[in-house]
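Okay, entry_13.txt now, which holds compact mmCIF, C-alpha atoms:
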# COMPACT_ATOMS: atom_id res chain seq x y z
CA MET S 1185 88.33 -24.09 80.90
CA HIS S 1186 86.17 -21.68 78.96
CA ARG S 1187 84.61 -20.32 82.10
CA VAL S 1188 88.04 -19.82 83.63
CA PHE S 1189 89.12 -18.02 80.50
CA TRP S 1190 86.11 -15.66 80.52
CA VAL S 1191 86.50 -15.01 84.22
CA ALA S 1192 90.14 -14.13 83.70
CA VAL S 1193 89.28 -11.78 80.84
CA LEU S 1194 86.54 -10.09 82.86
CA ALA S 1195 88.71 -9.63 85.88
CA THR S 1196 91.69 -8.43 83.93
CA CYS S 1197 89.63 -6.01 81.83
CA SER S 1198 88.04 -4.50 84.89
CA ALA S 1199 91.32 -4.33 86.75
CA VAL S 1200 93.03 -2.59 83.87
CA ALA S 1201 90.20 -0.25 83.01
CA PHE S 1202 89.26 0.72 86.53
CA GLN S 1203 92.34 0.12 88.61
CA HIS S 1204 92.43 3.82 89.45
CA ALA S 1205 88.73 4.15 90.06
CA ALA S 1206 88.95 5.81 93.45
CA HIS S 1207 90.74 9.03 93.91
CA ALA S 1208 91.79 12.20 95.68
CA HIS S 1209 90.38 15.69 95.38
CA ALA S 1210 92.86 18.48 95.07
CA ILE S 1211 93.00 22.26 95.29
CA ALA S 1212 95.27 24.66 93.40
CA GLY S 1213 94.46 28.29 94.10
CA ALA S 1214 90.79 28.87 93.38
CA ARG S 1215 90.45 25.55 91.56
CA VAL S 1216 88.99 22.50 93.25
CA PHE S 1217 89.64 19.40 91.18
CA PRO S 1218 86.89 16.92 92.01
CA VAL S 1219 87.45 13.21 92.40
CA THR S 1220 87.03 11.65 88.98
CA LEU S 1221 85.64 8.19 88.39
CA THR S 1222 87.82 6.43 85.84
CA ILE S 1223 91.18 8.15 86.25
CA ASP S 1224 92.96 9.43 89.30
CA ASP S 1225 93.21 13.16 89.87
CA PRO S 1226 96.34 15.10 90.51
CA GLY S 1227 96.51 15.85 94.22
CA VAL S 1228 96.76 14.19 97.60
CA SER S 1229 94.23 14.31 100.40
CA ASP S 1230 92.67 12.41 103.29
CA GLU S 1231 89.62 10.70 101.93
CA ALA S 1232 87.87 7.49 101.06
CA SER S 1233 85.67 5.99 98.39
CA LEU S 1234 82.75 4.27 100.10
CA PRO S 1235 82.34 2.91 97.49
CA SER S 1236 82.92 3.38 93.81
CA PHE S 1237 80.68 1.22 91.65
CA THR S 1238 80.82 -0.01 88.10
CA ALA S 1239 78.49 -2.24 86.12
CA THR S 1240 79.90 -3.49 82.84
CA ARG S 1241 78.97 -6.08 80.31
CA GLN S 1242 82.18 -7.30 78.78
CA GLY S 1243 83.31 -9.76 76.18
CA ALA S 1244 86.43 -10.66 74.34
CA SER S 1245 86.77 -9.92 70.65
CA GLY S 1246 83.82 -7.58 70.77
CA SER S 1247 81.26 -10.28 71.47
CA ALA S 1248 78.08 -9.55 73.34
CA GLY S 1249 79.86 -10.75 76.44
CA PRO S 1250 79.51 -13.60 78.87
CA GLY S 1251 77.60 -11.56 81.41
CA TRP S 1252 77.58 -8.60 83.73
CA GLU S 1253 80.22 -7.67 86.19
CA TYR S 1254 79.51 -5.44 89.17
CA ASP S 1255 82.44 -3.92 90.99
CA LEU S 1256 82.38 -2.24 94.37
CA GLY S 1257 85.65 -0.39 94.90
CA PHE S 1258 86.95 0.85 98.24
CA GLU S 1259 89.89 3.15 98.76
CA PHE S 1260 91.36 4.92 101.75
CA ASP S 1261 93.99 7.63 101.31
CA LYS S 1262 96.02 9.07 104.17
CA THR S 1263 98.36 12.01 104.00
CA ILE S 1264 101.69 11.42 105.69
CA THR S 1265 102.86 14.97 105.00
CA LYS S 1266 100.79 17.65 103.28
CA ASP S 1267 102.33 16.62 99.94
CA PHE S 1268 102.66 12.86 100.32
CA ALA S 1269 99.92 10.29 100.80
CA LEU S 1270 99.59 6.54 101.00
CA GLY S 1271 96.52 4.72 99.81
CA ILE S 1272 95.08 1.25 99.92
CA SER S 1273 92.31 -0.04 97.72
CA ASP S 1274 90.47 -3.18 96.83
CA ASP S 1275 87.46 -4.20 94.80
CA TYR S 1276 84.65 -6.61 95.55
CA VAL S 1277 83.47 -8.19 92.33
CA ILE S 1278 80.18 -9.86 91.46
CA GLN S 1279 80.27 -11.77 88.18
CA ALA S 1280 76.99 -12.93 86.73
CA LEU S 1281 77.97 -15.24 83.91
CA HIS S 1282 75.44 -16.70 81.52
CA GLY S 1283 74.65 -20.26 82.49
CA GLN S 1284 76.95 -20.21 85.48
CA LYS S 1285 76.60 -19.69 89.19
CA THR S 1286 77.27 -16.09 90.17
CA GLN S 1287 80.82 -15.66 91.36
CA THR S 1288 81.92 -13.16 93.99
CA GLY S 1289 85.20 -12.20 95.56
CA PHE S 1290 87.89 -9.59 95.94
CA LEU S 1291 90.46 -8.48 93.41
CA ASN S 1292 94.04 -8.03 94.50
CA ILE S 1293 94.94 -5.34 97.01
CA ASN S 1294 96.60 -2.21 95.66
CA VAL S 1295 98.81 0.08 97.71
CA SER S 1296 99.80 3.47 96.35
CA GLY S 1297 102.19 6.27 97.21
CA LYS S 1298 101.72 9.73 95.72
CA TYR S 1299 103.81 12.87 95.97
CA GLN S 1300 102.30 16.21 95.04
CA ALA S 1301 105.43 17.61 93.47
CA TRP S 1302 104.34 21.03 92.20
CA VAL S 1303 101.40 23.32 92.84
CA ASN S 1304 100.96 26.69 91.15
CA ALA S 1305 98.00 28.50 92.69
CA GLU S 1306 98.02 31.41 90.25
CA HIS S 1307 97.78 29.13 87.22
CA GLU S 1308 95.69 26.43 88.95
CA THR S 1309 98.19 23.71 88.17
CA ILE S 1310 99.17 20.54 90.01
CA VAL S 1311 101.73 17.90 89.06
CA SER S 1312 102.16 14.71 91.08
CA LEU S 1313 104.17 11.51 90.85
CA GLY S 1314 103.25 8.17 92.30
CA VAL S 1315 103.58 4.42 92.30
CA VAL S 1316 100.79 1.86 92.51
CA ARG S 1317 101.71 -1.62 93.67
CA GLU S 1318 99.34 -4.54 93.06
CA PHE S 1319 100.00 -7.50 95.34
CA GLY S 1320 99.38 -10.85 93.70
CA ARG S 1321 97.52 -13.66 95.47
CA THR S 1322 95.66 -11.21 97.72
CA GLY S 1323 92.39 -11.59 95.85
CA THR S 1324 89.93 -14.34 95.11
CA GLU S 1325 91.34 -16.64 92.49
CA HIS S 1326 88.03 -18.01 91.23
CA ILE S 1327 86.83 -14.57 90.18
CA GLY S 1328 90.07 -14.07 88.30
CA ALA S 1329 92.28 -12.16 90.71
CA ASP S 1330 95.79 -12.41 89.34
CA GLN S 1331 98.32 -14.69 90.95
CA TYR S 1332 100.95 -12.11 90.19
CA GLY S 1333 100.87 -8.39 90.68
CA GLY S 1334 102.61 -5.47 89.10
CA THR S 1335 104.19 -2.12 89.77
CA THR S 1336 102.89 1.03 88.10
CA PRO S 1337 104.85 4.30 88.17
CA THR S 1338 102.36 7.06 87.37
CA GLY S 1339 102.44 10.76 86.58
CA TYR S 1340 99.45 13.04 87.21
CA PHE S 1341 98.58 16.60 86.25
CA GLY S 1342 95.72 19.04 86.62
CA LYS S 1343 95.30 22.41 84.93
CA GLY S 1344 92.49 24.86 85.53
CA MET S 1345 91.73 27.33 82.76
CA GLY S 1346 91.16 30.28 85.06
CA ASP S 1347 93.82 32.31 83.25
CA LEU S 1348 92.00 32.22 79.89
CA PRO S 1349 90.86 35.62 78.57
CA VAL S 1350 87.30 34.47 77.80
CA PRO S 1351 85.33 34.42 81.07
CA LEU S 1352 82.97 31.58 80.20
CA LEU S 1353 85.92 29.33 79.34
CA ARG S 1354 87.59 29.78 82.74
CA PRO S 1355 85.55 27.08 84.50
CA PHE S 1356 87.12 24.46 82.23
CA ALA S 1357 89.86 22.24 83.61
CA VAL S 1358 91.85 19.30 82.30
CA THR S 1359 93.33 16.50 84.37
CA GLY S 1360 95.27 13.47 83.29
CA GLU S 1361 97.53 10.62 84.19
CA PHE S 1362 100.10 8.49 82.41
CA ALA S 1363 101.36 5.16 83.69
CA TYR S 1364 103.42 2.12 82.84
CA THR S 1365 102.72 -1.20 84.53
CA VAL S 1366 105.59 -3.64 84.97
CA ALA S 1367 104.18 -7.13 85.50
CA ASP S 1368 105.71 -9.35 88.16
CA LYS S 1369 105.51 -12.33 85.83
CA LYS S 1370 105.60 -12.11 82.07
CA LEU S 1371 102.56 -13.25 80.11
CA LYS S 1372 103.14 -16.23 77.82
CA GLN S 1373 100.83 -17.99 75.42
CA ILE S 1374 100.31 -21.67 76.19
CA ILE S 1375 98.99 -24.49 74.10
CA THR S 1376 96.58 -27.01 75.60
CA PRO S 1377 94.21 -29.59 74.13
CA ASP S 1378 91.45 -26.95 74.53
CA THR S 1379 93.50 -24.51 72.49
CA LEU S 1380 93.81 -26.97 69.66
CA ALA S 1381 90.13 -27.88 69.82
CA THR S 1382 88.67 -24.37 70.05
CA GLY S 1383 91.32 -22.16 68.53
CA ILE S 1384 90.98 -19.77 71.45
CA MET S 1385 94.30 -18.49 72.68
CA GLU S 1386 95.16 -19.24 76.28
CA PHE S 1387 97.86 -17.78 78.45
CA ASN S 1388 99.82 -18.56 81.56
CA SER S 1389 99.08 -16.79 84.84
CA GLY S 1390 101.39 -13.87 84.08
CA ASN S 1391 100.51 -10.40 82.88
CA GLU S 1392 101.63 -8.19 80.04
CA ASN S 1393 103.34 -4.90 80.67
CA ARG S 1394 100.96 -2.10 79.78
CA TRP S 1395 100.83 1.61 79.08
CA SER S 1396 97.78 3.28 80.50
CA GLY S 1397 96.44 6.74 81.11
CA GLY S 1398 93.55 9.04 80.74
CA LEU S 1399 92.24 12.56 80.50
CA SER S 1400 89.27 14.40 81.91
CA LEU S 1401 87.71 17.59 80.60
CA GLN S 1402 85.63 19.30 83.26
CA TYR S 1403 83.39 22.35 83.43
CA SER S 1404 83.05 23.49 87.03
CA LEU S 1405 79.80 25.27 87.82
CA PRO S 1406 81.08 25.95 91.38
CA TYR S 1407 83.97 27.80 89.74
CA LEU S 1408 81.61 29.68 87.43
CA ARG S 1409 79.55 30.82 90.41
CA SER S 1410 82.45 31.85 92.63
CA GLN S 1411 85.03 33.14 90.17
CA VAL S 1412 83.35 34.27 86.96
CA LYS S 1413 79.69 35.18 87.25
CA ASP S 1414 76.91 34.24 89.61
CA TYR S 1415 73.91 33.58 87.41
CA GLY S 1416 71.66 32.80 90.35
CA LEU S 1417 71.27 29.17 89.35
CA PRO S 1418 69.68 26.71 91.79
CA GLU S 1419 72.10 25.55 94.48
CA PHE S 1420 72.03 21.97 93.19
CA VAL S 1421 73.10 23.12 89.73
CA ASN S 1422 75.79 25.38 91.16
CA ARG S 1423 77.43 22.32 92.71
CA LEU S 1424 77.64 20.25 89.52
CA VAL S 1425 80.74 19.53 87.47
CA PRO S 1426 79.81 18.08 84.07
CA LEU S 1427 82.76 16.20 82.62
CA VAL S 1428 83.93 13.61 80.18
CA GLU S 1429 86.73 11.19 80.92
CA LEU S 1430 88.81 9.13 78.55
CA SER S 1431 90.74 6.17 79.91
CA TRP S 1432 93.02 4.04 77.85
CA SER S 1433 95.43 1.14 78.17
CA SER S 1434 97.51 -0.68 75.60
CA PRO S 1435 100.02 -3.51 75.64
CA ALA S 1436 103.70 -2.71 76.05
CA SER S 1437 104.89 -6.26 75.61
CA LYS S 1438 104.01 -9.34 73.58
CA PRO S 1439 101.95 -11.46 73.63
CA SER S 1440 98.90 -9.45 74.60
CA ALA S 1441 95.68 -10.95 75.92
CA LEU S 1442 93.76 -7.69 76.01
CA GLY S 1443 94.84 -5.45 73.16
CA THR S 1444 94.20 -1.73 73.36
CA GLN S 1445 91.23 -0.59 75.39
CA VAL S 1446 89.66 2.86 75.29
CA VAL S 1447 86.63 3.96 77.28
CA PHE S 1448 84.80 7.29 77.22
CA ALA S 1449 82.92 8.28 80.34
CA PRO S 1450 80.63 11.31 80.15
CA GLY S 1451 78.77 12.27 83.29
CA ALA S 1452 78.56 14.71 86.15
CA ILE S 1453 79.81 15.11 89.70
CA TYR S 1454 77.88 16.74 92.54
CA MET S 1455 80.25 18.55 94.90
CA ALA S 1456 78.98 18.82 98.47
CA ASP S 1457 81.12 20.36 101.20
CA THR S 1458 82.29 17.09 102.75
CA TYR S 1459 81.51 14.52 100.09
CA GLU S 1460 80.80 14.13 96.42
CA VAL S 1461 78.65 11.88 94.27
CA GLY S 1462 79.50 11.05 90.67
CA LEU S 1463 77.70 9.25 87.88
CA GLU S 1464 79.06 8.43 84.44
CA ALA S 1465 78.28 6.24 81.46
CA LEU S 1466 81.07 3.90 80.37
CA ILE S 1467 81.21 3.87 76.59
CA PRO S 1468 83.70 1.49 74.98
CA ALA S 1469 85.49 3.11 72.07
CA ASN S 1470 86.71 -0.07 70.42
CA ARG S 1471 85.76 -3.72 70.27
CA ALA S 1472 88.47 -4.84 72.66
CA SER S 1473 86.84 -2.61 75.27
CA GLY S 1474 83.43 -4.23 74.84
CA ARG S 1475 80.29 -3.39 72.91
CA ASN S 1476 77.89 -2.34 75.62
CA VAL S 1477 77.54 0.80 77.66
CA GLY S 1478 78.21 0.40 81.36
CA VAL S 1479 77.77 2.71 84.28
CA ALA S 1480 80.09 4.06 86.97
CA ALA S 1481 79.10 5.75 90.21
CA LEU S 1482 81.03 7.08 93.16
CA PHE S 1483 80.33 8.16 96.72
CA HIS S 1484 83.42 9.79 98.13
CA VAL S 1485 84.02 11.43 101.51
CA PHE S 1486 86.67 13.99 102.40
CA PHE S 1487 88.24 13.23 105.77
CA ASP S 1488 90.16 16.50 105.74
CA ASP S 1489 86.80 18.25 105.88
CA LEU S 1490 84.98 15.77 108.13
CA PHE S 1491 87.74 15.31 110.70
CA PRO S 1492 90.16 18.20 110.18
CA THR S 1493 91.91 17.81 113.54
CA SER S 1494 92.29 14.03 113.64
CA LEU S 1495 91.92 11.56 110.79
CA GLY S 1496 91.86 14.31 108.21
CA LYS S 1497 95.24 15.93 108.82
CA PRO S 1498 98.74 14.78 107.85
CA LEU S 1499 100.56 12.51 110.28
CA ILE S 1500 103.58 14.78 110.04
CA ASN S 1501 103.03 18.53 109.95
CA ASP S 1502 105.86 20.09 107.99
CA MET H 802 81.38 -5.16 106.59
CA THR H 803 83.79 -3.09 108.66
CA ARG H 804 83.99 -0.62 105.79
CA PHE H 805 80.23 -0.19 105.69
CA VAL H 806 80.19 0.37 109.45
CA LEU H 807 82.87 3.03 109.06
CA ALA H 808 80.89 4.71 106.30
CA ALA H 809 77.73 4.68 108.39
CA ALA H 810 79.61 6.14 111.34
CA LEU H 811 80.99 8.93 109.19
CA LEU H 812 77.60 9.82 107.82
CA ALA H 813 76.14 9.79 111.30
CA CYS H 814 78.57 12.46 112.47
CA PRO H 815 77.92 15.50 110.27
CA ALA H 816 78.35 17.80 113.26
CA LEU H 817 82.08 17.09 113.13
CA ALA H 818 82.37 18.50 109.63
CA HIS H 819 84.22 21.75 108.96
CA ALA H 820 84.88 21.95 105.28
CA HIS H 821 87.00 24.35 103.28
CA ALA H 822 85.57 27.87 103.26
CA LEU H 823 84.37 28.40 99.69
CA LEU H 824 82.59 31.44 98.31
CA ARG H 825 78.83 30.97 98.23
CA ASN H 826 77.83 34.47 97.18
CA ALA H 827 79.04 38.03 97.30
CA THR H 828 77.78 41.61 97.38
CA PRO H 829 78.31 43.09 94.81
CA PRO H 830 77.63 39.79 93.03
CA VAL H 831 80.38 37.84 91.31
CA GLY H 832 80.67 39.17 87.76
CA GLY H 833 77.76 41.51 88.35
CA THR H 834 77.08 45.19 87.83
CA VAL H 835 75.85 47.60 90.48
CA HIS H 836 74.61 51.13 90.04
CA GLY H 837 76.36 53.52 92.35
CA ALA H 838 79.45 52.94 94.43
CA PRO H 839 79.01 50.21 97.07
CA ALA H 840 80.12 51.02 100.62
CA THR H 841 81.43 47.51 101.26
CA VAL H 842 82.29 44.25 99.59
CA GLU H 843 80.90 41.30 101.51
CA ILE H 844 81.49 37.60 100.87
CA THR H 845 79.45 34.75 102.28
CA PHE H 846 81.47 31.57 102.78
CA SER H 847 80.35 27.97 103.09
CA GLU H 848 82.13 27.75 106.44
CA ALA H 849 82.99 30.11 109.27
CA VAL H 850 86.30 31.92 108.77
CA GLU H 851 88.92 33.38 111.07
CA PRO H 852 88.92 37.12 110.27
CA GLN H 853 92.45 37.62 111.64
CA PHE H 854 93.76 35.20 109.04
CA SER H 855 91.42 36.12 106.19
CA SER H 856 91.45 39.08 103.85
CA ILE H 857 89.62 40.87 101.05
CA VAL H 858 91.50 43.23 98.76
CA VAL H 859 89.68 45.35 96.18
CA THR H 860 91.56 47.04 93.34
CA ASP H 861 90.48 49.22 90.45
CA ALA H 862 91.30 48.68 86.79
CA GLY H 863 94.68 50.35 87.31
CA GLY H 864 95.59 48.02 90.16
CA LYS H 865 95.17 50.65 92.89
CA GLN H 866 93.80 49.31 96.16
CA VAL H 867 90.46 50.97 96.92
CA ASP H 868 89.33 49.16 100.03
CA ARG H 869 89.75 50.50 103.58
CA LYS H 870 91.96 47.56 104.69
CA ASP H 871 89.48 46.75 107.44
CA PRO H 872 88.39 43.14 106.86
CA HIS H 873 85.79 42.31 109.48
CA VAL H 874 82.92 39.98 110.30
CA PRO H 875 79.64 41.87 109.90
CA GLY H 876 77.27 41.03 112.73
CA ASN H 877 78.37 37.95 114.62
CA ASP H 878 78.23 35.47 111.76
CA ALA H 879 81.74 34.31 110.85
CA HIS H 880 80.42 32.87 107.59
CA HIS H 881 80.60 36.44 106.34
CA LEU H 882 83.64 38.62 105.73
CA ALA H 883 83.44 42.23 104.59
CA VAL H 884 85.75 45.12 103.78
CA GLY H 885 84.86 48.81 103.50
CA LEU H 886 85.44 50.70 100.27
CA ASN H 887 86.71 54.20 99.73
CA PRO H 888 84.47 56.28 97.45
CA VAL H 889 84.88 54.82 93.99
CA GLY H 890 83.66 55.86 90.56
CA ALA H 891 82.26 53.93 87.67
CA GLY H 892 84.48 51.17 86.33
CA ALA H 893 85.61 47.60 86.76
CA TYR H 894 86.94 46.33 90.09
CA ARG H 895 88.66 43.16 91.12
CA VAL H 896 88.25 41.39 94.46
CA GLU H 897 90.89 38.99 95.74
CA TRP H 898 90.16 37.05 98.89
CA HIS H 899 92.02 34.64 101.12
CA ALA H 900 90.13 32.74 103.78
CA THR H 901 91.23 30.59 106.66
CA SER H 902 88.35 28.52 107.97
CA VAL H 903 87.96 27.82 111.67
CA ASP H 904 89.59 24.41 111.12
CA THR H 905 92.62 26.20 109.50
CA HIS H 906 91.94 25.14 105.92
CA LYS H 907 93.12 27.87 103.56
CA THR H 908 91.26 28.84 100.39
CA GLU H 909 91.49 31.71 97.96
CA GLY H 910 89.76 33.18 94.97
CA SER H 911 89.02 36.30 93.00
CA PHE H 912 86.24 37.85 90.98
CA SER H 913 85.29 41.09 89.29
CA PHE H 914 82.34 43.43 89.47
CA THR H 915 81.43 46.61 87.65
CA VAL H 916 80.17 49.89 89.02
CA ALA H 917 77.87 51.60 86.54
CA PRO H 918 77.21 55.34 86.70
Would you write the structure of this file as structure tokens?
Amino acid sequence: MHRVFWVAVLATCSAVAFQHAAHAHAIAGARVFPVTLTIDDPGVSDEASLPSFTATRQGASGSAGPGWEYDLGFEFDKTITKDFALGISDDYVIQALHGQKTQTGFLNINVSGKYQAWVNAEHETIVSLGVVREFGRTGTEHIGADQYGGTTPTGYFGKGMGDLPVPLLRPFAVTGEFAYTVADKKLKQIITPDTLATGIMEFNSGNENRWSGGLSLQYSLPYLRSQVKDYGLPEFVNRLVPLVELSWSSPASKPSALGTQVVFAPGAIYMADTYEVGLEALIPANRASGRNVGVAALFHVFFDDLFPTSLGKPLIND
Amino acid sequence: MTRFVLAAALLACPALAHAHALLRNATPPVGGTVHGAPATVEITFSEAVEPQFSSIVVTDAGGKQVDRKDPHVPGNDAHHLAVGLNPVGAGAYRVEWHATSVDTHKTEGSFSFTVAP
């Protein structure tokens, strides 16, 4: 029972913390918003994460954790019109638990719809609305994939600072998202002989409703080079976007098995013409988020740049 | 496994790639200062552009257009787009560009440069 409990916590933590860990790049005027690693970014595009990767050492109640979890995330996004895209994503999980056989399997499949509602090129601003649907029983139960899914309406924004009066501040940009997950089945605490013997709370197979969101603060060296001042930096440096992300989720219903989780993720993204590579540290900000630093990485390809006349263009040209 | 095969296939086909046309460098340089009035403003893009659907507009500090309205591809390399300038004096100038790459992606941007006496 304990192993099942830890597996469930690991899987749920990773699903909550990184459920949006594969994303779309977006352009508003002169601003290119790169794909971020722990939160989604504000636009729609034809692209794929092949894959995203996280390695985290997690544990309930701030303990050292029962082991490492490695997560390979895959996502494919397809524009239906230039402002609306559908996406499908899944995660392959490897759980190395202390004293246990390594467990592997897929988390539940997520399908998303996203509408890029407003773009202001002059002020480098994008606002989008979307829904993410997790389908229960589509993952591997023994690695903790939920039996029940949830529906997550989400709002996204991106704002470039190109209209600031101080030139060296113009490469800054902020992106964010805000979401509310409605669980298909409500989480309830249950009492078993194990509960009475160990004092560890156990729950049914449902999920709590949760608020979640995040912010990223980026400094775009490509923007500095092309819009503000070309300092003649090496080409590799000119393609970097140093950034820090903050992702958060907290319970919106009782009981709660996870509490509030907050993770900081400082790192950098390398922006090539048709792909990008990102690397970030995952730093838990409270005990419920873990006590050890993890790592996140991303290899992401842009189909709109690779295959502009076929796979990379909207199905419906409006 | 299918996903890895797809990824490998994508990476094996770089010749198909035509990305957005983004500014790589410019003459006069972005945010730079030149001594003496330049005859042209030239931008080098990451991708080839369609000159008929691309433009460069140069204005002075008062907002007056000072370019010759003749955007063209210098030489035969469509990665470059240039526009001639009327005789200009010392001061700050702003360049606004719109580019349509050969795969029809549209991009835009702007920057400033200074002409010193």
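Interatomic distance, CA of His899 (chain H) to CA of Tyr1454 (chain S): 24.4 Å.
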Which distance in Å separates CA of Gly890 (chain H) and CA of Val842 (chain H), to one decimal?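 The value is 14.8 Å.
As for CA of Val1412 (chain S) and CA of Ile1310 (chain S), they are spaced 21.2 Å apart.
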Find the spatial neighbours of region 863-877 of chain H, counting all atoms listed in the file, within a cut-off of 10 Å - ignore same-chain residues fewer than 6 positions away - and output them as a PyMOL selection string. chain H and resi 840-844+849-857+883-889+893-896
Next, the residues of the selection above should be written as a PDB file, keeping the file's coordinate frame with C-alpha atoms.
ATOM      1  CA  ALA H 840      80.120  51.020 100.620  1.00  0.00           C
ATOM      2  CA  THR H 841      81.430  47.510 101.260  1.00  0.00           C
ATOM      3  CA  VAL H 842      82.290  44.250  99.590  1.00  0.00           C
ATOM      4  CA  GLU H 843      80.900  41.300 101.510  1.00  0.00           C
ATOM      5  CA  ILE H 844      81.490  37.600 100.870  1.00  0.00           C
ATOM      6  CA  ALA H 849      82.990  30.110 109.270  1.00  0.00           C
ATOM      7  CA  VAL H 850      86.300  31.920 108.770  1.00  0.00           C
ATOM      8  CA  GLU H 851      88.920  33.380 111.070  1.00  0.00           C
ATOM      9  CA  PRO H 852      88.920  37.120 110.270  1.00  0.00           C
ATOM     10  CA  GLN H 853      92.450  37.620 111.640  1.00  0.00           C
ATOM     11  CA  PHE H 854      93.760  35.200 109.040  1.00  0.00           C
ATOM     12  CA  SER H 855      91.420  36.120 106.190  1.00  0.00           C
ATOM     13  CA  SER H 856      91.450  39.080 103.850  1.00  0.00           C
ATOM     14  CA  ILE H 857      89.620  40.870 101.050  1.00  0.00           C
ATOM     15  CA  ALA H 883      83.440  42.230 104.590  1.00  0.00           C
ATOM     16  CA  VAL H 884      85.750  45.120 103.780  1.00  0.00           C
ATOM     17  CA  GLY H 885      84.860  48.810 103.500  1.00  0.00           C
ATOM     18  CA  LEU H 886      85.440  50.700 100.270  1.00  0.00           C
ATOM     19  CA  ASN H 887      86.710  54.200  99.730  1.00  0.00           C
ATOM     20  CA  PRO H 888      84.470  56.280  97.450  1.00  0.00           C
ATOM     21  CA  VAL H 889      84.880  54.820  93.990  1.00  0.00           C
ATOM     22  CA  ALA H 893      85.610  47.600  86.760  1.00  0.00           C
ATOM     23  CA  TYR H 894      86.940  46.330  90.090  1.00  0.00           C
ATOM     24  CA  ARG H 895      88.660  43.160  91.120  1.00  0.00           C
ATOM     25  CA  VAL H 896      88.250  41.390  94.460  1.00  0.00           C
TER      26      VAL H 896
END
Using all atoms listed in the file, tabulate the residues of chain S lying at most 10 Å from any atom of chain H, each with its closest atom pair and that distance in Å to one decimal, by chain and increasing residue number, as a Markdown table.
| residue | atom | partner | partner_atom | distance |
| --- | --- | --- | --- | --- |
| S:Ile1211 | CA | H:Thr908 | CA | 8.5 |
| S:Ala1212 | CA | H:Thr908 | CA | 9.1 |
| S:Gly1213 | CA | H:Glu909 | CA | 6.0 |
| S:Ala1214 | CA | H:Gly910 | CA | 4.7 |
| S:Arg1215 | CA | H:Gly910 | CA | 8.4 |
| S:Val1216 | CA | H:Thr908 | CA | 9.8 |
| S:Ala1232 | CA | H:Ala808 | CA | 9.2 |
| S:Ser1233 | CA | H:Ala808 | CA | 9.3 |
| S:Leu1234 | CA | H:Ala808 | CA | 6.5 |
| S:Pro1235 | CA | H:Phe805 | CA | 9.0 |
| S:Phe1258 | CA | H:Arg804 | CA | 8.2 |
| S:Glu1259 | CA | H:Arg804 | CA | 9.9 |
| S:Ala1305 | CA | H:Glu909 | CA | 9.0 |
| S:Glu1306 | CA | H:Gly910 | CA | 9.7 |
| S:Pro1351 | CA | H:Gly832 | CA | 9.4 |
| S:Pro1406 | CA | H:Arg825 | CA | 8.8 |
| S:Tyr1407 | CA | H:Leu824 | CA | 9.4 |
| S:Leu1408 | CA | H:Val831 | CA | 9.1 |
| S:Arg1409 | CA | H:Val831 | CA | 7.1 |
| S:Ser1410 | CA | H:Leu824 | CA | 5.7 |
| S:Gln1411 | CA | H:Phe912 | CA | 4.9 |
| S:Val1412 | CA | H:Gly832 | CA | 5.6 |
| S:Lys1413 | CA | H:Gly832 | CA | 4.1 |
| S:Asp1414 | CA | H:Val831 | CA | 5.3 |
| S:Tyr1415 | CA | H:Val831 | CA | 8.7 |
| S:Gly1416 | CA | H:Asn826 | CA | 9.4 |
| S:Glu1419 | CA | H:Arg825 | CA | 9.4 |
| S:Asn1422 | CA | H:Arg825 | CA | 9.5 |
| S:Ala1456 | CA | H:Ala820 | CA | 9.5 |
| S:Asp1457 | CA | H:Ala820 | CA | 5.8 |
| S:Thr1458 | CA | H:Ala820 | CA | 6.1 |
| S:Tyr1459 | CA | H:Ala820 | CA | 9.7 |
| S:His1484 | CA | H:Ala808 | CA | 9.9 |
| S:Val1485 | CA | H:Leu811 | CA | 8.6 |
| S:Phe1486 | CA | H:Ala820 | CA | 8.7 |
| S:Phe1487 | CA | H:Ala818 | CA | 8.8 |
| S:Asp1488 | CA | H:Ala820 | CA | 7.6 |
| S:Asp1489 | CA | H:Ala820 | CA | 4.2 |
| S:Leu1490 | CA | H:Ala818 | CA | 4.1 |
| S:Phe1491 | CA | H:Ala818 | CA | 6.3 |
| S:Pro1492 | CA | H:Asp904 | CA | 6.3 |
| S:Thr1493 | CA | H:Asp904 | CA | 7.4 |
Contacts of Val1366 (chain S) at 9 Å or less, counting only C-alpha atoms, minus same-chain residues fewer than 5 places along, as a CSV table (one decimal) with C-alpha atoms, in the frame of the given file?
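Generated file (around_1.csv):
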chain,number,residue,atom,x,y,z
S,1333,GLY,CA,100.9,-8.4,90.7
S,1334,GLY,CA,102.6,-5.5,89.1
S,1335,THR,CA,104.2,-2.1,89.8
S,1336,THR,CA,102.9,1.0,88.1
S,1337,PRO,CA,104.8,4.3,88.2
S,1391,ASN,CA,100.5,-10.4,82.9
S,1392,GLU,CA,101.6,-8.2,80.0
S,1393,ASN,CA,103.3,-4.9,80.7
S,1394,ARG,CA,101.0,-2.1,79.8
Dump region 861-871 of chain H with C-alpha atoms to a file, as an mmCIF file, in the first residue's frame.
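Okay, this is what ended up in part22.cif:
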data_model
loop_
_atom_site.group_PDB
_atom_site.id
_atom_site.type_symbol
_atom_site.label_atom_id
_atom_site.label_comp_id
_atom_site.auth_asym_id
_atom_site.auth_seq_id
_atom_site.Cartn_x
_atom_site.Cartn_y
_atom_site.Cartn_z
ATOM 1 C CA ASP H 861 14.278 61.183 -39.016
ATOM 2 C CA ALA H 862 13.675 62.390 -35.473
ATOM 3 C CA GLY H 863 10.747 64.491 -36.702
ATOM 4 C CA GLY H 864 9.071 61.512 -38.350
ATOM 5 C CA LYS H 865 9.863 62.623 -41.914
ATOM 6 C CA GLN H 866 10.592 59.777 -44.317
ATOM 7 C CA VAL H 867 14.144 60.100 -45.631
ATOM 8 C CA ASP H 868 14.543 56.963 -47.696
ATOM 9 C CA ARG H 869 14.146 56.817 -51.483
ATOM 10 C CA LYS H 870 11.225 54.335 -51.323
ATOM 11 C CA ASP H 871 13.194 51.891 -53.446
#
